[in-house]
Each structure stands twice: as C-alpha cells, then as structure tokens.
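Student: Below is a structure I'd like to ask you about.
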Amino acid sequence: MLTAVSLLCACTVFGRGESDPPAVRDSDVLVSIAESAGFLETGRVGSRRVPFFELRRDGTVFTYVDDGAEESVFGVYWARLTEDGIEQVRAWFDELSFNDAHYREFSPPTDQPTTVVYANFDGPVGVSVYGLDTDSRTHSGNGEVRRLGNVIDRLRGLPDDEQLTVQRRAPYTPTALDIAFQPAVSPDDEPLPEPTRWPFALPLTQRPLGVGGYGRALCATVDGAEAATIVELMAGHDEDTPPHWTTGAAPGSGQPTSVLVTANALLRGRSGCSAVASDPASSNRVVVEPLQDVVLADPSGWQGRYPADRFTTATSLELYAAVPILVRDLEAREAIEDKDGTSDSTELHVPTGSDLTWYDYEFVAAEAGGSHYLDLSARYQGVAPDPWEPPTWHARIALGPETVTNLDLH
C-alpha cells in the first residue's frame, strides 16, 4: 500500500526549469506514479510492476490498488475520470513543488523503494523520491514531502469517487499481453504439474522474442484474439505459482518443450517485449532460475574441459532447454549419494536446489562428432566453499537425447 511518507527519505528531483528532464513518457500520459523494488526486494523472474497510479488524457486511470474491487487476474485495475476529475488531479499537482532543495532530507541509507512521480499538464515535470513509506502512515518532518504523501493518498481513493468518475474502479482486461517464461524447473521440492498445452499453432519458441520484466526473461507479445485466449487460460490459476505450459517445440529440437510462464498485462498503448529494441541477443547475460545469473560466453575465448569440433555462442532458447536437463541429472545424482550414504561425507557433492545459486555460470554451444551440446563452467562466487562444495564444476549437456554426458567436480 502506498499511503504516506517515511522519515527515512532521500530525494533526487527534476522539474520546472531543471536541466535534467524526466524520462520520456507517452504523450497520452498526464500522470504516472511508479514504485521500484527495494534493494533486497525481488519479484518473480519475468514479472513487471504495475504503476500505483497512471492517468491518461481521456481520463482513463490504471492502478494496482484494488480497494475492495473484484480481483483482477493480472493485478491491474482501471477507472475513468470526468473532466472535473482530471482538473482535480491537475489542481493537486499544482500544489506540489518540483524543486530539488524542497525534498532533500538527510538520513542513513535503508532498504526502501524509490517512487517516481511524473506529470505533464503544461510540460513534463517529475520527482524521484527514495523512502516513501508504503506500509504505514508515517509522517515526514518535511512539509513538501508530507504534501506529496497527501496527494498520493487522495489518488488512491479517486477511482471510487462517485462525483469524479464515469467508470469506477474495476478489473482491467488487457487486449495485449507479454508472455515471459523461464525453464521448466520446479521452484520448490514439489514436482511440476502436467503442462497446459500451448493453445496456438505457432509455437511459443518460434515467435518474435524479446526480453522483459524483472530479470530480463525471454518474452513474446500476444494481442487480439490470442490475448483473449491467454486471459481465459490464466483465469482461476493460483497466482502464487507460475503456470507450466508446453511451448509447441518438438522434443530434441534444442528448444524448451515446456516452460514456466508469467503473463504481464500491457496497458493501453504500451509496446510489448517483442519489439526490436528488446532483442534478446543485445546482452550476453541472462537470468535463469534456478541458476540465477548466467553468461553466454564468447566462444573465441572459451577455456572448457571438453573437446569439440567447433564452439559457438549459445542461444537463450538452448539455455532454457538445457537447464531442466541439467537439474534433473543433478537431482538424480544426489539421490544416489543419499542412497549410498555418501551425502554426509566431506567428498565433493553435486550442487542442487539453492546451492546452485552460489555459482557464476558460463555456457557455450559445442559441436562434437556431429552432435550438438551445451557446455557449462561454474565457479563458486562466495568467499570460500564448504569442504563438500566443489569450487568449480563443468558439465556437457546433449540437447538431442536430453542427457548430461559429462559432469566433473573440482
């Protein structure tokens, strides 16, 4: 909840007459208030944060605040203001200062979110404020910060104002969606459910892909009738766990045959992640659960453990196909260790589960003997591993037969 303002607040501001203008928004946007995650706060990989409040020129409001409205599948609600409602918002923003000095407070750094407030009634202005308290009604000693907090409180209830709305707060049904996805690896110890069949003839993996959401996950945009189909599939799904869907890719193709999905609603007029600007090849770093940060290594400098006829740059889709194969193999090896009674010894053990996050990973594609593989090199990133944790380990994953052909702990 975004209610008021904390004493722990440090701010950077841009506004009327300032040399640093706010980030460009669509010309349709009159007001936007968005909150970043705190330093220690994470989201589901592929998820995207919805604005606290966004007002368009025709009076349409988008918000994540439900305030008792019927539950939204995608966590987005909308309303439409009257002309008087729009003018009321303008009047509230006219009361705000956008002067840097007026918002500055001195306090120790803490793990707080940053709230970006933007308006464009008579020209773009904005302020980026660290430490607006989202959970409690704490008041700052700074009068300008309190005034900003009061405006935010008013905006929270505005979509339900009978006098200032022609459409009160209701769940938003998007006409376009970004489908972000991750490798099909269970986020807990429970096995994944049987995947839901991908409902379209064109496989997910063969669509224009970009990157989007938290962690730069692979992502495809769907709209129109396809978006309506996805909305139906998502209805009633347990939002605490990502859906498990097939992709339409053939087994052994080197592409993932099933994935975990996060569907993000696109607000009206927003570009999807399939836009050219979000080309997944633009970065060699990928966030892949449960390994976390992964580098798609330069094959020219690859110092791997296994010989090959040729090394090439691995693709993100190959990585998404390889990771479930690797995790299944590691878990099977761990089960053998448990059965043999060696899991409590100081011999090197295969890493599984959360232990996988302690390593930095590099992947490269390898051609050897007419077969296609993904090779990985993992290096412990902590100060010092425990005696049973391998400081480095290597693996070769065969994408065709979907097996791990080599695994070496060092």
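Residue numbering restarts at 1 for every chain of the structure tokens, chains are lettered A, B, ... in their displayed order, and ligands are numbered from 1 as they appear.
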Counting only C-alpha atoms, what is within 10 Å of Asn120 of chain A, bar same-chain residues fewer than 5 positions away, as a PyMOL selection string?
Tutor: chain A and resi 25+27-32+57+90+93+125-126
Student: Any chance you can output those residues with C-alpha atoms as a PDB file, in the first residue's frame?
Tutor:
```
ATOM      1  CA  ARG A  25       6.603   9.065 -21.367  1.00  0.00           C
ATOM      2  CA  SER A  27       2.243  11.829 -24.865  1.00  0.00           C
ATOM      3  CA  ASP A  28      -1.036  10.249 -23.703  1.00  0.00           C
ATOM      4  CA  VAL A  29       0.184  10.104 -20.080  1.00  0.00           C
ATOM      5  CA  LEU A  30      -0.806  13.013 -17.828  1.00  0.00           C
ATOM      6  CA  VAL A  31       0.314  11.499 -14.502  1.00  0.00           C
ATOM      7  CA  SER A  32       2.368   8.452 -13.610  1.00  0.00           C
ATOM      8  CA  ARG A  57      -5.549  12.317 -21.274  1.00  0.00           C
ATOM      9  CA  ARG A  90      -4.242  18.982 -12.013  1.00  0.00           C
ATOM     10  CA  PHE A  93      -0.302  18.605  -8.690  1.00  0.00           C
ATOM     11  CA  VAL A 125       7.870  17.603 -14.565  1.00  0.00           C
ATOM     12  CA  GLY A 126       8.757  14.967 -12.041  1.00  0.00           C
TER      13      GLY A 126
END
```
Student: Pick out the residues sitting within 9 Å of Leu374 of chain A, and hand them over as an mmCIF file with N, CA and C atoms, in the first residue's frame; count only C-alpha atoms, and ignore anything fewer than 3 positions along from it in its own chain.
Tutor:
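Now in selection36.cif:
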```
data_model
loop_
_atom_site.group_PDB
_atom_site.id
_atom_site.type_symbol
_atom_site.label_atom_id
_atom_site.label_comp_id
_atom_site.auth_asym_id
_atom_site.auth_seq_id
_atom_site.Cartn_x
_atom_site.Cartn_y
_atom_site.Cartn_z
ATOM 1 N N ALA A 314 26.023 -19.849 -27.424
ATOM 2 C CA ALA A 314 24.749 -20.488 -27.090
ATOM 3 C C ALA A 314 23.616 -19.461 -27.177
ATOM 4 N N GLU A 318 18.368 -22.330 -26.257
ATOM 5 C CA GLU A 318 19.150 -23.531 -25.955
ATOM 6 C C GLU A 318 19.394 -23.635 -24.457
ATOM 7 N N LEU A 319 19.679 -22.504 -23.835
ATOM 8 C CA LEU A 319 19.896 -22.485 -22.391
ATOM 9 C C LEU A 319 18.637 -22.916 -21.643
ATOM 10 N N ALA A 322 18.367 -26.582 -21.874
ATOM 11 C CA ALA A 322 19.414 -27.334 -21.193
ATOM 12 C C ALA A 322 19.250 -27.359 -19.679
ATOM 13 N N PHE A 363 28.059 -20.487 -20.276
ATOM 14 C CA PHE A 363 27.624 -21.534 -21.193
ATOM 15 C C PHE A 363 28.132 -21.222 -22.593
ATOM 16 N N VAL A 364 28.426 -22.278 -23.350
ATOM 17 C CA VAL A 364 28.796 -22.147 -24.744
ATOM 18 C C VAL A 364 28.232 -23.349 -25.492
ATOM 19 N N ALA A 365 27.890 -23.184 -26.765
ATOM 20 C CA ALA A 365 27.427 -24.301 -27.588
ATOM 21 C C ALA A 365 28.627 -25.011 -28.196
ATOM 22 N N ALA A 366 28.535 -26.333 -28.299
ATOM 23 C CA ALA A 366 29.642 -27.150 -28.817
ATOM 24 C C ALA A 366 29.129 -28.140 -29.848
ATOM 25 N N GLU A 367 29.874 -28.267 -30.950
ATOM 26 C CA GLU A 367 29.615 -29.293 -31.964
ATOM 27 C C GLU A 367 30.733 -30.324 -31.867
ATOM 28 N N ALA A 395 30.101 -29.296 -16.979
ATOM 29 C CA ALA A 395 29.150 -30.276 -17.487
ATOM 30 C C ALA A 395 28.991 -30.097 -18.985
ATOM 31 N N ARG A 396 28.650 -31.192 -19.643
ATOM 32 C CA ARG A 396 28.283 -31.169 -21.064
ATOM 33 C C ARG A 396 26.882 -31.762 -21.176
ATOM 34 N N ILE A 397 25.977 -31.027 -21.819
ATOM 35 C CA ILE A 397 24.568 -31.403 -21.914
ATOM 36 C C ILE A 397 24.231 -31.643 -23.376
ATOM 37 N N ALA A 398 23.751 -32.844 -23.682
ATOM 38 C CA ALA A 398 23.346 -33.192 -25.050
ATOM 39 C C ALA A 398 21.891 -32.787 -25.248
ATOM 40 N N LEU A 399 21.645 -31.842 -26.151
ATOM 41 C CA LEU A 399 20.295 -31.321 -26.322
ATOM 42 C C LEU A 399 19.390 -32.288 -27.074
#
```
Student: Can you pull out every residue within 7 Å of segment 168-178 of chain A, counting only C-alpha atoms, but drop anything in the same chain fewer than 4 positions away, and send it as a list in words?
Tutor: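 Once the adjacent positions are removed, what remains is Ala69, Glu70, Glu71, Ser72, Val76, Tyr77, Trp78, Ala79, Arg80, Pro159, Asp160, Cys219, Ala220, Thr221, Val222, Asp223, Gly224, Ala227, Ala228, Ala263, Asn264, Ala265, Leu266, Leu267, Gly272 and Cys273 of chain A.
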Student: Could you write out that same residue set with N, CA and C atoms as a PDB file, in the first residue's frame?
Tutor:
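Saved to out11.pdb:
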```pdb
ATOM      1  N   ALA A  69     -12.197  -3.900  -4.801  1.00  0.00           N
ATOM      2  CA  ALA A  69     -12.810  -4.256  -6.085  1.00  0.00           C
ATOM      3  C   ALA A  69     -12.662  -5.752  -6.341  1.00  0.00           C
ATOM      4  N   GLU A  70     -13.443  -6.263  -7.282  1.00  0.00           N
ATOM      5  CA  GLU A  70     -13.324  -7.660  -7.683  1.00  0.00           C
ATOM      6  C   GLU A  70     -11.888  -7.951  -8.111  1.00  0.00           C
ATOM      7  N   GLU A  71     -11.395  -9.142  -7.754  1.00  0.00           N
ATOM      8  CA  GLU A  71      -9.997  -9.467  -8.010  1.00  0.00           C
ATOM      9  C   GLU A  71      -9.671  -9.448  -9.497  1.00  0.00           C
ATOM     10  N   SER A  72      -8.528  -8.862  -9.830  1.00  0.00           N
ATOM     11  CA  SER A  72      -8.050  -8.821 -11.208  1.00  0.00           C
ATOM     12  C   SER A  72      -7.057  -9.950 -11.433  1.00  0.00           C
ATOM     13  N   VAL A  76      -4.257  -5.591 -12.238  1.00  0.00           N
ATOM     14  CA  VAL A  76      -4.417  -4.246 -12.794  1.00  0.00           C
ATOM     15  C   VAL A  76      -5.895  -3.860 -12.736  1.00  0.00           C
ATOM     16  N   TYR A  77      -6.138  -2.612 -12.317  1.00  0.00           N
ATOM     17  CA  TYR A  77      -7.499  -2.078 -12.256  1.00  0.00           C
ATOM     18  C   TYR A  77      -7.558  -0.787 -13.069  1.00  0.00           C
ATOM     19  N   TRP A  78      -8.759  -0.449 -13.521  1.00  0.00           N
ATOM     20  CA  TRP A  78      -8.907   0.775 -14.302  1.00  0.00           C
ATOM     21  C   TRP A  78     -10.155   1.522 -13.867  1.00  0.00           C
ATOM     22  N   ALA A  79     -10.179   2.803 -14.176  1.00  0.00           N
ATOM     23  CA  ALA A  79     -11.346   3.653 -13.949  1.00  0.00           C
ATOM     24  C   ALA A  79     -11.271   4.765 -14.989  1.00  0.00           C
ATOM     25  N   ARG A  80     -12.345   5.573 -15.076  1.00  0.00           N
ATOM     26  CA  ARG A  80     -12.288   6.736 -15.972  1.00  0.00           C
ATOM     27  C   ARG A  80     -12.835   7.947 -15.233  1.00  0.00           C
ATOM     28  N   PRO A 159     -10.310   6.644  -7.876  1.00  0.00           N
ATOM     29  CA  PRO A 159     -11.066   5.793  -8.816  1.00  0.00           C
ATOM     30  C   PRO A 159     -12.423   5.321  -8.300  1.00  0.00           C
ATOM     31  N   ASP A 160     -12.734   5.545  -7.012  1.00  0.00           N
ATOM     32  CA  ASP A 160     -14.040   5.155  -6.465  1.00  0.00           C
ATOM     33  C   ASP A 160     -14.918   6.363  -6.153  1.00  0.00           C
ATOM     34  N   CYS A 219      10.609 -13.419 -23.685  1.00  0.00           N
ATOM     35  CA  CYS A 219       9.241 -12.933 -23.646  1.00  0.00           C
ATOM     36  C   CYS A 219       8.694 -12.803 -25.056  1.00  0.00           C
ATOM     37  N   ALA A 220       7.396 -13.085 -25.232  1.00  0.00           N
ATOM     38  CA  ALA A 220       6.695 -12.902 -26.502  1.00  0.00           C
ATOM     39  C   ALA A 220       5.414 -12.114 -26.252  1.00  0.00           C
ATOM     40  N   THR A 221       5.047 -11.271 -27.195  1.00  0.00           N
ATOM     41  CA  THR A 221       3.840 -10.462 -27.080  1.00  0.00           C
ATOM     42  C   THR A 221       2.699 -11.103 -27.872  1.00  0.00           C
ATOM     43  N   VAL A 222       1.523 -11.187 -27.261  1.00  0.00           N
ATOM     44  CA  VAL A 222       0.323 -11.650 -27.956  1.00  0.00           C
ATOM     45  C   VAL A 222      -0.754 -10.591 -27.806  1.00  0.00           C
ATOM     46  N   ASP A 223      -1.611 -10.481 -28.810  1.00  0.00           N
ATOM     47  CA  ASP A 223      -2.693  -9.489 -28.735  1.00  0.00           C
ATOM     48  C   ASP A 223      -3.930 -10.034 -29.429  1.00  0.00           C
ATOM     49  N   GLY A 224      -4.993  -9.222 -29.433  1.00  0.00           N
ATOM     50  CA  GLY A 224      -6.224  -9.593 -30.119  1.00  0.00           C
ATOM     51  C   GLY A 224      -6.839 -10.866 -29.570  1.00  0.00           C
ATOM     52  N   ALA A 227      -4.664 -12.905 -27.210  1.00  0.00           N
ATOM     53  CA  ALA A 227      -4.639 -12.381 -25.843  1.00  0.00           C
ATOM     54  C   ALA A 227      -5.883 -12.818 -25.080  1.00  0.00           C
ATOM     55  N   ALA A 228      -7.043 -12.807 -25.739  1.00  0.00           N
ATOM     56  CA  ALA A 228      -8.277 -13.245 -25.078  1.00  0.00           C
ATOM     57  C   ALA A 228      -8.187 -14.703 -24.664  1.00  0.00           C
ATOM     58  N   ALA A 263       2.463 -14.035 -17.194  1.00  0.00           N
ATOM     59  CA  ALA A 263       1.745 -13.196 -18.152  1.00  0.00           C
ATOM     60  C   ALA A 263       1.573 -11.800 -17.562  1.00  0.00           C
ATOM     61  N   ASN A 264       2.092 -10.802 -18.277  1.00  0.00           N
ATOM     62  CA  ASN A 264       2.005  -9.408 -17.837  1.00  0.00           C
ATOM     63  C   ASN A 264       1.051  -8.635 -18.734  1.00  0.00           C
ATOM     64  N   ALA A 265       0.086  -7.951 -18.138  1.00  0.00           N
ATOM     65  CA  ALA A 265      -0.855  -7.141 -18.908  1.00  0.00           C
ATOM     66  C   ALA A 265      -0.140  -5.911 -19.457  1.00  0.00           C
ATOM     67  N   LEU A 266      -0.354  -5.624 -20.722  1.00  0.00           N
ATOM     68  CA  LEU A 266       0.144  -4.392 -21.325  1.00  0.00           C
ATOM     69  C   LEU A 266      -0.940  -3.326 -21.212  1.00  0.00           C
ATOM     70  N   LEU A 267      -0.596  -2.201 -20.595  1.00  0.00           N
ATOM     71  CA  LEU A 267      -1.542  -1.102 -20.532  1.00  0.00           C
ATOM     72  C   LEU A 267      -1.734  -0.524 -21.929  1.00  0.00           C
ATOM     73  N   GLY A 272       5.023  -4.022 -26.606  1.00  0.00           N
ATOM     74  CA  GLY A 272       5.331  -5.292 -25.977  1.00  0.00           C
ATOM     75  C   GLY A 272       6.807  -5.620 -26.046  1.00  0.00           C
ATOM     76  N   CYS A 273       7.180  -6.698 -25.365  1.00  0.00           N
ATOM     77  CA  CYS A 273       8.584  -7.080 -25.276  1.00  0.00           C
ATOM     78  C   CYS A 273       9.116  -7.644 -26.583  1.00  0.00           C
TER      79      CYS A 273
END
```
Student: Kindly indicate which residue among A:Phe74, A:Trp302, A:Tyr359, A:Trp198 lies nearest to Glu226 of chain A, using only C-alpha atoms for the distances.
Tutor: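 Using only C-alpha atoms, the shortest distance to Glu226 of chain A belongs to A:Trp198.
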Student: Enumerate, as a ChimeraX atom specification, the complete set of residues in segment 195-364 of chain A that a backbone-based DSSP assignment places in helix (DSSP H, G or I).
Tutor: /A:204-206,224-234,276-278,280-282,299-301,316-340,353-358
Student: Just checking: using only C-alpha atoms, which residue out of A:Val65, A:Ala34, A:Leu155, A:Val286 ends up closest to Gln88 of chain A?
Tutor: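 Selected residue with least distance to Gln88 of chain A: A:Leu155.
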Student: Go through A:Ala308, A:Ala321, A:Val166, A:Val129 one by one, measure the shortest atom-to-atom distance of each to Gly149 of chain A using only C-alpha atoms, and give the residue with the smallest value.
Tutor: A:Val129
Student: Which residues of segment 366-393 of chain A have any atom within 6 Å of an atom in segment 348-352 of chain A when counting only C-alpha atoms, and what is the closest pair of atoms for each, with the distance in Å to one decimal? Order the rows by chain and rising number and write it as CSV.
Tutor:
```
residue,atom,partner,partner_atom,distance
A:Trp388,CA,A:Leu348,CA,4.3
A:Glu389,CA,A:Leu348,CA,5.6
A:Pro390,CA,A:Leu348,CA,5.7
```
Student: What would the file look like if the residues just selected were written as a PDB file, in the first residue's frame with N, CA and C atoms?
Tutor:
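Once everything was written out, this is again11.pdb:
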```
ATOM      1  N   TRP A 388      32.638 -29.869   1.164  1.00  0.00           N
ATOM      2  CA  TRP A 388      31.947 -30.749   0.225  1.00  0.00           C
ATOM      3  C   TRP A 388      31.415 -30.009  -1.014  1.00  0.00           C
ATOM      4  N   GLU A 389      31.589 -28.688  -1.066  1.00  0.00           N
ATOM      5  CA  GLU A 389      31.117 -27.906  -2.202  1.00  0.00           C
ATOM      6  C   GLU A 389      32.243 -27.731  -3.219  1.00  0.00           C
ATOM      7  N   PRO A 390      32.039 -28.140  -4.458  1.00  0.00           N
ATOM      8  CA  PRO A 390      33.110 -28.004  -5.449  1.00  0.00           C
ATOM      9  C   PRO A 390      33.375 -26.533  -5.769  1.00  0.00           C
TER      10      PRO A 390
END
```
Student: Hey, can you check how far atom CA of Gln292 of chain A sits from atom CA of Ser316 of chain A?
Tutor: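 Rounded to one decimal, the two atoms are 13.5 Å apart.
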Student: Please identify all polymer residues within 12 Å of Phe181 of chain A, counting only C-alpha atoms, omitting same-chain residues fewer than 3 positions from it, and present them as a PyMOL selection string.
Tutor: chain A and resi 44-47+178+184-185+204-205+209-221+242-247+256-264+273+287-289+316-317+320-321
Student: Atom CA of Gly75 of chain A to atom CA of Arg49 of chain A: how many Å, to one decimal?
Tutor: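 We find that atom CA of Gly75 of chain A and atom CA of Arg49 of chain A lie 9.5 Å from each other.
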